[in-house]
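A.B. asks: Submitted below is the structure of interest, expressed as structure tokens.
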Amino acid sequence: MLKITNLHKTFNPGTVNAKTALSGLNLTLEDGDFVTVIGGNGAGKSTMLNAIAGVWKPDYGTIEIDGVDVTNMPEHKRAKFLGRVFQDPMKGTAPDMEIAENLSIAARRATKRKLVWGIRKGERDRYKELLSTLELGLESRLSCKVGLLSGGQRQAVTLLMATLSKPKLLLLDEHTAALDPKTAAKVLEITDKLVTENKLTTLMITHNMHDAIAHGNRLIMMHEGRIVVDVSGEEKKKLTISQLLGLFEQASGMAMADDKVMLSK
Amino acid sequence: MAFLYAMPGAVAEGLIWGLMAIGVYISYKILDIADLTVDGSICTGGCVCAVMIGSGAPVWLSVAVAFLAGMLTGVVTGLFHTALGIPSILAGILTQLILYSVNLAILGGKSLIAIDPRANQLILHMSDNPMAIVAAGLIIVCTIIGLWLFFYTEVGLTLKSTGDNPDMSRAQGINVKLNKVVGLAIANGIVALAGALLAQYKGSANINDGRGAIVIALAAIFIGLSVSLKIKPNFVVSLIGVVGGGVVYYIIYTFVILLGLKTDYLKMLSAIIVALFLAVPYLKGEYFQKKKVMPMPSSPEPDHLGGGDTNA
């Protein structure tokens, strides 16, 4: 489904601020894989997701989605393959537009927009139904401006938008990190449900080792712009946090020292 | 008494500026771009219209071409911004400067071209204010209906989201750059349309028309929205409010002139009105807001997703 080959990216090359974010990243995802991504600050997790989404072009290497080489495809064009949820709950929705309008825009992600009504007959009923599955009471607030919702509600709506027209690949960039623990748990629960129901191939970045182990069928750990740990199947199911830290030490030659990750132990 | 006599003229001219302010509303409020092209494109509209009428073209055709010329100016600014990476405010200033030369060229090097209201069947002219009010009003109604229909289409919604949240728009497969160009074209088309009407109303197109037009438009927008947002915050009511703002602005303007203020000071007055409208909400928040907890919008399950619930 996704094939990343030898991907390199350096920010501010040739300056004192040069930062190598990806150095020879290789990753292949199978259809239906739900992969959690973990790693310290600057390990290249978000850089990898942004590369897949096309926020900027890589220096070297190729990215294929479902057999299509998207390495040089502009961001808005490859959006038809992707569903994205950002860390910042404000980033994934248009605050000054209604919930229904946001959903209708997402529903047309993969199609060419025309000069026909933006929300057609029956669409509202469908959105109502979908919103009710979130169990947040949003189904009665279809005409409500998204800016009036809380961060968690907005993140849930963004998730729905990302999965509305079924994406080939769902990219979740620490999408619960800005939420309080209770809300984060609820949003993760919704994530699991949507991914399972739609059988979505998913990449989920998290800094929480519990979540990384508890969710998905495969776990990768990044360090200095490369994947250093890759566990899947039965091995991943039995994985414990101390084993995970051991694997990291073995692969990277140093102990895990990232506060955010360690504090989540 | 003099004020009452001046009223129809103030309303007619206010309506034309209200139409212009609708154009600025699209760039400033919907696309979130402070587009300074308008100072030039409103003049372009007037120049094109005056020259075409002068050469014997039908009035409606002249107005239509003025509209298209305005759209073209928007495309230029849009391409400066999106294709060449120039910050939007600077892109507008550059186009505005280009338009000064272009407008002079359209006027054939003259600084003013008169439109004879007796020789031509104009859409509106200051000699018949009631008719001018009806004509301007009709054009405004058509414009608002057109925009209302457009902004609820699939394409229109993506234009709204482009200004509201470009990150989300790109993630949803929207070509943000193209949308900005399209939006600026529509905005400047409407501004040039207003320019064409203004030239007919005044009976001339002047190379200096439009200097400070953006400020008048913003004044109209702020005055209008300060009322219309309180009534109902939706698109059509906002546009009607903006037109109303233009009319109110011109009534104030007329009143101030009749009080004896020298016309030299009017641009300063316009700027001060806009500065006040921009400053008041800021000052309110900065100095007069009591610290209070933001109430969350009620939802059946506030427990789970209350935004401020951090110690759960």
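Every chain in the structure tokens has a letter given in the order shown (A, B, ...), and although residue numbers restart at 1 in each chain, ligands are simply numbered from 1 in the order shown.
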Name the residues of segment 122-260 of chain B that come out as alpha helix (DSSP H) in a backbone DSSP run; write them as a PyMOL selection string.

C.D. replies: chain B and resi 129-151+154-164+166-171+176-202+213-231+235-258

A.B. asks: Hey, list the chain A side of the contact with chain B: 6 Å cut-off, only C-alpha atoms, answer as a PyMOL selection string.

C.D. replies: chain A and resi 76-77+79+92-94+106+109+113-118+137+150-152+180+183

A.B. asks: Please dump the current selection as a short mmCIF file (atom, residue, chain, number, x, y, z; two decimals), in the first residue's frame; keep C-alpha atoms.

C.D. replies:
data_model
loop_
_atom_site.label_atom_id
_atom_site.label_comp_id
_atom_site.auth_asym_id
_atom_site.auth_seq_id
_atom_site.Cartn_x
_atom_site.Cartn_y
_atom_site.Cartn_z
CA HIS A 76 -3.50 18.86 -2.70
CA LYS A 77 -3.33 16.25 -5.46
CA ALA A 79 -4.72 14.29 -0.72
CA GLY A 92 -7.87 19.90 10.76
CA THR A 93 -11.15 21.80 10.51
CA ALA A 94 -12.36 25.16 9.21
CA ALA A 106 -14.01 16.15 3.19
CA ARG A 109 -11.61 15.07 -1.20
CA ARG A 113 -15.34 20.06 -7.31
CA LYS A 114 -18.04 21.46 -9.57
CA LEU A 115 -20.47 24.35 -9.60
CA VAL A 116 -23.26 22.29 -8.03
CA TRP A 117 -24.72 22.54 -4.54
CA GLY A 118 -22.02 21.96 -1.93
CA GLY A 137 -24.03 14.58 20.76
CA SER A 150 -13.90 21.80 22.14
CA GLY A 151 -10.50 20.49 21.07
CA GLY A 152 -11.54 16.87 21.53
CA ASP A 180 -6.43 15.86 28.26
CA THR A 183 -10.50 13.06 26.02
#

A.B. asks: Using only C-alpha atoms, which protein or nucleic acid residues come within 6 Å of segment 122-133 of chain B? Drop anything in the same chain fewer than 3 positions from it, and give the result as a list in words.

C.D. replies: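 Here the answer would be Pro8, Gly9, Ala12, Ala136, Gly137, Gln200 and Tyr201 of chain B.
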
A.B. asks: Let's see if you can do this: from backbone DSSP, list all strand (DSSP E or B) residues in segment 13-59 of chain A, as a PyMOL selection string.

C.D. replies: chain A and resi 19-29+34-39

A.B. asks: Okay, now the selection with N, CA and C atoms, as a CSV table (one decimal), in the first residue's frame?

C.D. replies:
chain,number,residue,atom,x,y,z
A,19,LYS,N,19.7,20.5,9.5
A,19,LYS,CA,19.2,19.4,10.4
A,19,LYS,C,18.8,18.3,9.5
A,20,THR,N,19.4,17.2,9.6
A,20,THR,CA,19.0,16.0,8.9
A,20,THR,C,17.9,15.3,9.6
A,21,ALA,N,16.7,15.4,8.9
A,21,ALA,CA,15.5,14.8,9.6
A,21,ALA,C,15.2,13.4,9.1
A,22,LEU,N,15.5,13.1,7.9
A,22,LEU,CA,15.4,11.7,7.4
A,22,LEU,C,16.7,11.3,6.7
A,23,SER,N,17.2,10.1,7.1
A,23,SER,CA,18.4,9.7,6.4
A,23,SER,C,18.3,8.2,6.0
A,24,GLY,N,17.8,8.0,4.8
A,24,GLY,CA,17.7,6.7,4.3
A,24,GLY,C,16.6,5.9,4.9
A,25,LEU,N,15.4,6.5,4.9
A,25,LEU,CA,14.2,5.8,5.5
A,25,LEU,C,13.6,4.9,4.5
A,26,ASN,N,13.4,3.6,5.0
A,26,ASN,CA,12.7,2.6,4.1
A,26,ASN,C,11.5,2.1,4.9
A,27,LEU,N,10.4,2.0,4.3
A,27,LEU,CA,9.2,1.5,5.0
A,27,LEU,C,8.2,1.0,4.0
A,28,THR,N,7.7,-0.2,4.2
A,28,THR,CA,6.7,-0.8,3.3
A,28,THR,C,5.5,-1.2,4.2
A,29,LEU,N,4.3,-0.7,3.9
A,29,LEU,CA,3.1,-1.1,4.6
A,29,LEU,C,2.3,-2.0,3.7
A,34,PHE,N,-2.0,-1.5,10.6
A,34,PHE,CA,-2.2,-0.3,11.5
A,34,PHE,C,-0.9,-0.2,12.3
A,35,VAL,N,-0.1,0.7,11.9
A,35,VAL,CA,1.3,0.8,12.4
A,35,VAL,C,1.4,2.0,13.4
A,36,THR,N,1.9,1.7,14.6
A,36,THR,CA,2.1,2.8,15.5
A,36,THR,C,3.6,3.2,15.4
A,37,VAL,N,3.9,4.5,15.5
A,37,VAL,CA,5.2,5.0,15.3
A,37,VAL,C,5.6,5.7,16.6
A,38,ILE,N,6.8,5.4,17.1
A,38,ILE,CA,7.2,6.0,18.3
A,38,ILE,C,8.7,6.4,18.2
A,39,GLY,N,9.1,7.3,19.0
A,39,GLY,CA,10.5,7.8,18.9
A,39,GLY,C,10.7,9.1,19.6

A.B. asks: Would you list the contacts of segment 248-252 of chain A as a list in words, taking every protein, DNA or RNA residue within 8 Å and counting only C-alpha atoms, but skipping same-chain residues closer than 6 positions in sequence?

C.D. replies: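 Surrounding residues, per the criterion: Met221, His223, Val228 and Val229 of chain A.
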
A.B. asks: How would the residues just picked look written out with C-alpha atoms as a compact mmCIF listing (two decimals), in the first residue's frame?

C.D. replies:
# COMPACT_ATOMS: atom_id res chain seq x y z
CA MET A 221 10.51 3.04 16.46
CA HIS A 223 15.85 7.29 15.62
CA VAL A 228 15.50 1.19 14.22
CA VAL A 229 12.87 -1.13 15.67

A.B. asks: In terms of the shortest atom-to-atom distance over only C-alpha atoms, which of A:Pro167, A:Pro58, A:Asn208, A:Asn12 is closest to Ala185 of chain A?

C.D. replies: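 Checking each of A:Pro167, A:Pro58, A:Asn208, A:Asn12 against Ala185 of chain A, counting only C-alpha atoms, the winner is A:Asn208.
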
A.B. asks: Give me the residues within 9 Å of segment 195-197 of chain A as number ranges by chain, counting only C-alpha atoms and dropping any in the same chain fewer than 6 places off.

C.D. replies: A: 32, 34, 163, 170

A.B. asks: Work out how far atom CA of Met262 of chain A is from atom CA of His8 of chain A, in Å to one decimal.

C.D. replies: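 Calculated distance between atom CA of His8 of chain A and atom CA of Met262 of chain A is 27.6 Å.
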
A.B. asks: Which residues, written as a PyMOL selection string, have at least one atom at most 6 Å from segment 217-232 of chain B, with only C-alpha atoms counted and residues fewer than 5 positions away on the same chain left out?

C.D. replies: chain B and resi 21+238+241-242+244-246+274
